[in-house]
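> Got a structure for you, work32.csv, holding CSV, C-alpha atoms.
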```
chain,number,residue,atom,x,y,z
A,1,MET,CA,-16.4,29.9,-2.7
A,2,LYS,CA,-17.8,26.5,-3.7
A,3,ASN,CA,-15.0,26.0,-6.2
A,4,GLU,CA,-12.5,26.4,-3.4
A,5,LEU,CA,-14.2,23.8,-1.3
A,6,TYR,CA,-14.4,21.4,-4.3
A,7,VAL,CA,-10.6,21.9,-5.0
A,8,LYS,CA,-9.9,21.2,-1.4
A,9,ILE,CA,-11.9,17.9,-1.6
A,10,VAL,CA,-9.9,16.9,-4.7
A,11,LYS,CA,-6.7,17.8,-2.9
A,12,SER,CA,-7.7,15.7,0.1
A,13,LEU,CA,-8.4,12.7,-2.2
A,14,ALA,CA,-4.9,13.2,-3.8
A,15,ASP,CA,-3.2,13.3,-0.4
A,16,GLU,CA,-5.1,10.3,0.8
A,17,LEU,CA,-4.1,8.3,-2.2
A,18,ASN,CA,-0.5,9.5,-2.4
A,19,ILE,CA,0.7,7.6,0.7
A,20,CYS,CA,-0.1,4.4,-1.3
A,21,PHE,CA,2.8,5.2,-3.6
A,22,HIS,CA,5.2,5.2,-0.7
A,23,TRP,CA,4.0,1.7,0.4
A,24,ILE,CA,4.1,0.5,-3.2
A,25,ASN,CA,7.8,1.5,-3.3
A,26,GLU,CA,8.4,-0.3,0.0
A,27,PHE,CA,6.5,-3.4,-1.0
A,28,ASN,CA,8.5,-3.7,-4.3
A,29,ILE,CA,11.7,-3.4,-2.4
A,30,LEU,CA,10.7,-6.0,0.1
A,31,PHE,CA,9.1,-8.4,-2.3
A,32,PRO,CA,10.7,-8.2,-5.7
A,33,GLU,CA,10.9,-10.9,-8.3
A,34,GLU,CA,14.2,-12.0,-6.9
A,35,GLU,CA,14.5,-15.5,-5.4
A,36,LEU,CA,17.8,-14.7,-3.7
A,37,GLN,CA,16.1,-12.2,-1.5
A,38,TYR,CA,13.6,-14.7,-0.4
A,39,ASP,CA,16.5,-17.1,0.5
A,40,LEU,CA,17.7,-14.3,2.8
A,41,TYR,CA,14.3,-14.0,4.4
A,42,ASN,CA,14.1,-17.8,4.9
A,43,GLU,CA,17.4,-17.7,6.7
A,44,THR,CA,16.3,-14.9,9.1
A,45,ALA,CA,12.5,-14.5,9.8
A,46,PRO,CA,10.4,-16.4,7.2
A,47,ASN,CA,7.2,-16.2,9.2
A,48,PHE,CA,7.6,-12.5,9.8
A,49,PHE,CA,8.0,-11.7,6.1
A,50,SER,CA,5.1,-14.0,5.2
A,51,TYR,CA,2.7,-12.2,7.6
A,52,LEU,CA,4.2,-8.8,6.5
A,53,SER,CA,3.2,-9.5,2.9
A,54,LYS,CA,-0.3,-10.2,4.0
A,55,PHE,CA,-0.5,-7.0,6.1
A,56,TYR,CA,0.5,-5.1,3.0
A,57,PHE,CA,-2.2,-6.6,0.9
A,58,ASP,CA,-4.8,-6.0,3.7
A,59,TYR,CA,-3.7,-2.3,3.8
A,60,PHE,CA,-4.1,-1.9,0.1
A,61,PHE,CA,-7.4,-3.7,0.0
A,62,LEU,CA,-8.8,-1.4,2.8
A,63,LYS,CA,-7.4,1.7,1.1
A,64,ILE,CA,-8.8,0.9,-2.3
A,65,SER,CA,-12.2,0.0,-0.8
A,66,LYS,CA,-12.4,3.3,1.1
A,67,MET,CA,-11.6,5.2,-2.0
A,68,LEU,CA,-14.4,3.4,-3.8
A,69,ASP,CA,-17.1,3.9,-1.1
A,70,PRO,CA,-20.3,5.8,-2.1
A,71,ALA,CA,-19.9,9.5,-1.8
A,72,LYS,CA,-22.6,9.4,0.9
A,73,ILE,CA,-24.0,6.7,3.2
A,74,ASN,CA,-27.2,7.9,4.9
A,75,SER,CA,-26.2,11.3,6.3
A,76,PHE,CA,-22.5,10.5,6.3
A,77,ASP,CA,-20.2,12.0,3.6
A,78,ASN,CA,-17.2,9.9,2.6
A,79,LEU,CA,-13.9,11.0,1.2
A,80,SER,CA,-14.1,8.8,-1.9
A,81,LEU,CA,-13.6,9.0,-5.6
A,82,TYR,CA,-17.4,9.3,-6.1
A,83,GLN,CA,-17.1,12.8,-4.7
A,84,LEU,CA,-15.5,13.7,-8.0
A,85,GLU,CA,-18.7,12.7,-9.8
A,86,LYS,CA,-20.7,15.0,-7.4
A,87,ILE,CA,-18.3,17.8,-8.1
A,88,ALA,CA,-18.5,17.3,-11.8
A,89,SER,CA,-22.3,17.3,-11.7
A,90,ASN,CA,-22.2,20.8,-10.1
A,91,ILE,CA,-19.3,22.4,-12.0
A,92,PHE,CA,-18.7,20.4,-15.1
A,93,PRO,CA,-22.0,18.6,-15.9
A,94,ASP,CA,-20.8,17.7,-19.4
A,95,LYS,CA,-18.0,15.6,-17.8
A,96,GLN,CA,-20.0,14.0,-15.1
A,97,LEU,CA,-20.8,10.8,-17.0
A,98,GLU,CA,-17.2,10.4,-18.3
A,99,ILE,CA,-15.8,10.7,-14.7
A,100,LYS,CA,-18.5,8.3,-13.3
A,101,LYS,CA,-17.6,5.7,-16.0
A,102,GLU,CA,-13.9,5.9,-15.1
A,103,ILE,CA,-14.6,5.4,-11.5
A,104,ASP,CA,-17.1,2.6,-12.2
A,105,PHE,CA,-14.5,0.9,-14.4
A,106,ILE,CA,-12.0,1.1,-11.5
A,107,LYS,CA,-14.6,-0.4,-9.2
A,108,GLU,CA,-15.3,-3.2,-11.5
A,109,GLU,CA,-11.5,-4.0,-11.7
A,110,ALA,CA,-11.4,-4.0,-7.9
A,111,LYS,CA,-14.4,-6.4,-7.5
A,112,ILE,CA,-12.4,-9.2,-5.8
A,113,ILE,CA,-10.7,-6.6,-3.6
A,114,LEU,CA,-14.0,-5.1,-2.5
A,115,ASN,CA,-15.5,-8.5,-1.9
A,116,ALA,CA,-12.5,-9.6,0.2
A,117,ARG,CA,-12.6,-6.4,2.3
A,118,LYS,CA,-16.3,-7.0,3.0
A,119,LYS,CA,-16.2,-10.7,3.7
A,120,ILE,CA,-12.8,-11.4,5.1
A,121,ILE,CA,-10.8,-8.3,6.2
A,122,ALA,CA,-13.3,-5.9,7.7
A,123,HIS,CA,-15.8,-8.7,8.6
A,124,LYS,CA,-15.5,-12.5,8.7
A,125,ASP,CA,-18.2,-14.2,6.7
A,126,LEU,CA,-19.3,-17.4,8.5
A,127,LYS,CA,-20.2,-19.4,5.4
A,128,ILE,CA,-16.9,-18.6,3.7
A,129,SER,CA,-15.0,-19.5,6.9
A,130,LEU,CA,-16.8,-22.8,7.4
A,131,ASN,CA,-16.5,-23.9,3.7
A,132,ASN,CA,-13.0,-22.5,3.3
A,133,GLU,CA,-14.1,-20.7,0.1
A,134,HIS,CA,-11.7,-18.9,-2.2
A,135,LEU,CA,-12.8,-15.5,-3.3
A,136,GLY,CA,-10.3,-15.2,-6.1
A,137,GLU,CA,-6.7,-13.9,-6.6
A,138,THR,CA,-5.4,-10.4,-6.8
A,139,LYS,CA,-1.8,-9.9,-7.9
A,140,PHE,CA,0.2,-6.9,-6.7
A,141,VAL,CA,0.5,-5.6,-10.2
A,142,GLU,CA,-3.3,-5.3,-10.3
A,143,ILE,CA,-3.2,-3.3,-7.1
A,144,GLU,CA,-0.6,-0.9,-8.6
A,145,SER,CA,-2.8,-0.6,-11.8
A,146,ILE,CA,-5.9,0.3,-9.8
A,147,ILE,CA,-4.1,2.9,-7.7
A,148,SER,CA,-2.6,4.4,-10.8
A,149,LYS,CA,-6.0,4.7,-12.5
A,150,MET,CA,-7.3,6.4,-9.3
A,151,SER,CA,-4.5,9.0,-9.5
A,152,ASN,CA,-5.4,9.6,-13.2
A,153,VAL,CA,-9.0,10.4,-12.6
A,154,ILE,CA,-8.1,12.7,-9.7
A,155,ASN,CA,-5.7,14.6,-12.0
A,156,LYS,CA,-8.4,14.8,-14.7
A,157,VAL,CA,-10.5,16.8,-12.3
A,158,PHE,CA,-7.6,19.0,-11.3
A,159,GLU,CA,-7.1,19.7,-15.0
A,160,LEU,CA,-10.8,20.6,-15.3
A,161,PHE,CA,-10.4,23.2,-12.5
A,162,GLY,CA,-7.2,24.6,-14.2
A,163,GLU,CA,-5.2,23.4,-11.3
A,164,PRO,CA,-1.6,22.0,-11.6
A,165,GLN,CA,-1.4,18.2,-11.9
A,166,TYR,CA,-0.7,16.4,-8.6
A,167,SER,CA,2.6,14.6,-8.6
A,168,PHE,CA,1.9,11.1,-7.3
A,169,VAL,CA,5.5,10.3,-6.6
A,170,TRP,CA,7.1,9.1,-3.5
A,171,MET,CA,10.9,9.1,-3.3
A,172,ARG,CA,12.6,5.9,-2.0
A,173,ASP,CA,13.0,5.9,1.8
A,174,PHE,CA,16.5,4.9,2.5
A,175,ASN,CA,15.6,4.5,6.2
A,176,GLY,CA,12.7,2.2,5.4
A,177,ALA,CA,12.7,-1.2,3.5
A,178,THR,CA,16.1,-0.5,1.9
A,179,SER,CA,17.7,-0.1,5.3
A,180,LEU,CA,16.1,-3.3,6.5
A,181,ILE,CA,17.4,-5.3,3.6
A,182,GLN,CA,20.9,-4.0,4.2
A,183,ALA,CA,20.7,-4.9,7.8
A,184,LEU,CA,19.6,-8.5,6.9
A,185,LYS,CA,22.5,-8.8,4.5
A,186,GLN,CA,24.9,-7.7,7.3
A,187,CYS,CA,23.4,-10.3,9.7
A,188,SER,CA,24.0,-13.0,7.1
A,189,TYR,CA,27.7,-11.9,6.8
A,190,TYR,CA,27.8,-11.9,10.6
A,191,ARG,CA,26.6,-15.5,10.7
A,192,ASP,CA,29.3,-16.5,8.2
A,193,LEU,CA,31.9,-14.8,10.3
A,194,SER,CA,30.9,-16.6,13.5
A,195,ILE,CA,32.8,-19.7,12.4
A,196,GLU,CA,36.0,-17.8,12.9
A,197,ASN,CA,36.5,-18.2,16.6
A,198,GLU,CA,39.1,-15.5,17.3
A,199,LEU,CA,37.2,-12.9,15.3
A,200,PHE,CA,33.8,-14.0,16.8
A,201,ASP,CA,35.2,-13.5,20.3
A,202,LYS,CA,36.1,-9.9,19.4
A,203,ILE,CA,32.6,-9.4,17.9
A,204,GLU,CA,31.0,-10.7,21.1
A,205,GLN,CA,33.0,-8.2,23.2
A,206,ILE,CA,31.7,-5.4,21.0
A,207,GLU,CA,28.2,-6.7,21.4
A,208,ARG,CA,28.4,-6.8,25.2
A,209,LYS,CA,29.4,-3.1,25.2
A,210,SER,CA,26.4,-2.1,23.0
A,211,LYS,CA,23.4,-0.5,24.5
A,212,TYR,CA,21.2,-2.9,22.5
A,213,TYR,CA,22.9,-6.0,24.1
A,214,ARG,CA,20.0,-6.7,26.5
A,215,ILE,CA,17.3,-6.5,23.9
```
Could you write out this structure as structure tokens?

Amino acid sequence: MKNELYVKIVKSLADELNICFHWINEFNILFPEEELQYDLYNETAPNFFSYLSKFYFDYFFLKISKMLDPAKINSFDNLSLYQLEKIASNIFPDKQLEIKKEIDFIKEEAKIILNARKKIIAHKDLKISLNNEHLGETKFVEIESIISKMSNVINKVFELFGEPQYSFVWMRDFNGATSLIQALKQCSYYRDLSIENELFDKIEQIERKSKYYRI
């Protein structure tokens, strides 16, 4: 019975982390190492995309921080990676130290992220705000690496239970960021077409008939 509960906890951790792989895909589509795409953003909504990038980082910082919370705070149990250490101590005591070291290593790599979550994102530290202090830099590739290591330690525990490996894969969402990029490209073509007066008049007629015209 206990084993069933422990497997359920590991599965919940995997489900909680897996959504990150969707947002990693979306981020990499929206913010690739491709200057031409940023030219497109600057022609359309530069402020929006600047803030959107920040929102993504805040999301990942909060998600990583939650996954690295203590297993228990006072009387409150957290769904965090440190539940894996507790599980190992009860079922696989010879693996407990190994699993703890892996999670501690991830936590060390995420030190800047955890500090930023504590002092800037979830709370606003007065001293840092007044002095405009810089807590350090985290590149997106580091976020990807941390999340990948988290998935590995989860799968290690699945393997100890003799359970199938969890597939941390999220297929590209063609109605997500990919669709947005395509729409922005079409808007760029539309702006270029607007210099053709006769054609532009026809486009305006189609626009006025659209249900979205009043937006």
> Hey, can you check how far CA of Glu43 (chain A) sits from CA of Lys185 (chain A)?
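CA of Lys185 (chain A) lies at a distance of 10.5 Å from CA of Glu43 (chain A).
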> Please measure the separation of CA of Asp69 (chain A) and CA of Glu16 (chain A), giving the value in Å to one decimal.
13.7 Å
> Kindly indicate which residue among A:Ile112, A:Val169, A:Leu84, A:Ile146 lies nearest to Lys11 (chain A), using all atoms listed in the file for the distances.
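That would be A:Leu84, the residue with the smallest distance to Lys11 (chain A).
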> Any idea what the distance is between CA of Leu30 (chain A) and CA of Thr138 (chain A)?
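Distance between the two atoms: 18.1 Å.
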> Can you work out which one of A:Lys63, A:Ile9, A:Gln37, A:Leu135 has the shortest atom-to-atom distance to Ile181 (chain A), counting only C-alpha atoms?
A:Gln37
> Work out where the centre of an axis-aligned box around every listed atom of region 67-83 of chain A lies and how long its edges are once 8 Å is added on each side; give both in Å to one decimal as AutoDock Vina command-line options.

```
--center_x -19.4 --center_y 8.1 --center_z 0.1 --size_x 31.6 --size_y 25.4 --size_z 28.4
```
> Distance cut-off 12 Å, centre (-18.1, 9.2, -5.0) in file coordinates, counting all atoms listed in the file: which residues qualify? Return them as a ChimeraX atom specification.
/A:9-10,13,65-73,77-89,96,99-104,107,150,153-154
> Let me see the file: selected residues, C-alpha atoms, as a tab-separated table (two decimals), in the frame of the given file.

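Saved to part.tsv:
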```tsv
chain	number	residue	atom	x	y	z
A	9	ILE	CA	-11.90	17.90	-1.60
A	10	VAL	CA	-9.90	16.90	-4.70
A	13	LEU	CA	-8.40	12.70	-2.20
A	65	SER	CA	-12.20	0.00	-0.80
A	66	LYS	CA	-12.40	3.30	1.10
A	67	MET	CA	-11.60	5.20	-2.00
A	68	LEU	CA	-14.40	3.40	-3.80
A	69	ASP	CA	-17.10	3.90	-1.10
A	70	PRO	CA	-20.30	5.80	-2.10
A	71	ALA	CA	-19.90	9.50	-1.80
A	72	LYS	CA	-22.60	9.40	0.90
A	73	ILE	CA	-24.00	6.70	3.20
A	77	ASP	CA	-20.20	12.00	3.60
A	78	ASN	CA	-17.20	9.90	2.60
A	79	LEU	CA	-13.90	11.00	1.20
A	80	SER	CA	-14.10	8.80	-1.90
A	81	LEU	CA	-13.60	9.00	-5.60
A	82	TYR	CA	-17.40	9.30	-6.10
A	83	GLN	CA	-17.10	12.80	-4.70
A	84	LEU	CA	-15.50	13.70	-8.00
A	85	GLU	CA	-18.70	12.70	-9.80
A	86	LYS	CA	-20.70	15.00	-7.40
A	87	ILE	CA	-18.30	17.80	-8.10
A	88	ALA	CA	-18.50	17.30	-11.80
A	89	SER	CA	-22.30	17.30	-11.70
A	96	GLN	CA	-20.00	14.00	-15.10
A	99	ILE	CA	-15.80	10.70	-14.70
A	100	LYS	CA	-18.50	8.30	-13.30
A	101	LYS	CA	-17.60	5.70	-16.00
A	102	GLU	CA	-13.90	5.90	-15.10
A	103	ILE	CA	-14.60	5.40	-11.50
A	104	ASP	CA	-17.10	2.60	-12.20
A	107	LYS	CA	-14.60	-0.40	-9.20
A	150	MET	CA	-7.30	6.40	-9.30
A	153	VAL	CA	-9.00	10.40	-12.60
A	154	ILE	CA	-8.10	12.70	-9.70
```
> Between region 125-198 of chain A and region 20-26 of chain A, at 12 Å or less, what are the per-residue closest atom pairs and their distances in Å? Count all atoms listed in the file, order by chain and rising residue number, and return it as a tab-separated table.

```
residue	atom	partner	partner_atom	distance
A:Phe140	CA	A:Ile24	CA	9.1
A:Val141	CA	A:Ile24	CA	10.0
A:Glu142	CA	A:Ile24	CA	11.8
A:Ile143	CA	A:Ile24	CA	9.1
A:Glu144	CA	A:Ile24	CA	7.3
A:Ser145	CA	A:Ile24	CA	11.1
A:Ile146	CA	A:Cys20	CA	11.1
A:Ile147	CA	A:Cys20	CA	7.7
A:Ser148	CA	A:Phe21	CA	9.0
A:Met150	CA	A:Cys20	CA	10.9
A:Ser151	CA	A:Phe21	CA	10.1
A:Ser167	CA	A:Phe21	CA	10.6
A:Phe168	CA	A:Phe21	CA	7.0
A:Val169	CA	A:Phe21	CA	6.5
A:Trp170	CA	A:His22	CA	5.2
A:Met171	CA	A:His22	CA	7.4
A:Arg172	CA	A:Asn25	CA	6.6
A:Asp173	CA	A:Glu26	CA	7.9
A:Phe174	CA	A:Glu26	CA	9.9
A:Asn175	CA	A:Glu26	CA	10.6
A:Gly176	CA	A:Glu26	CA	7.3
A:Ala177	CA	A:Glu26	CA	5.6
A:Thr178	CA	A:Glu26	CA	7.9
A:Ser179	CA	A:Glu26	CA	10.7
A:Leu180	CA	A:Glu26	CA	10.5
A:Ile181	CA	A:Glu26	CA	10.9
```
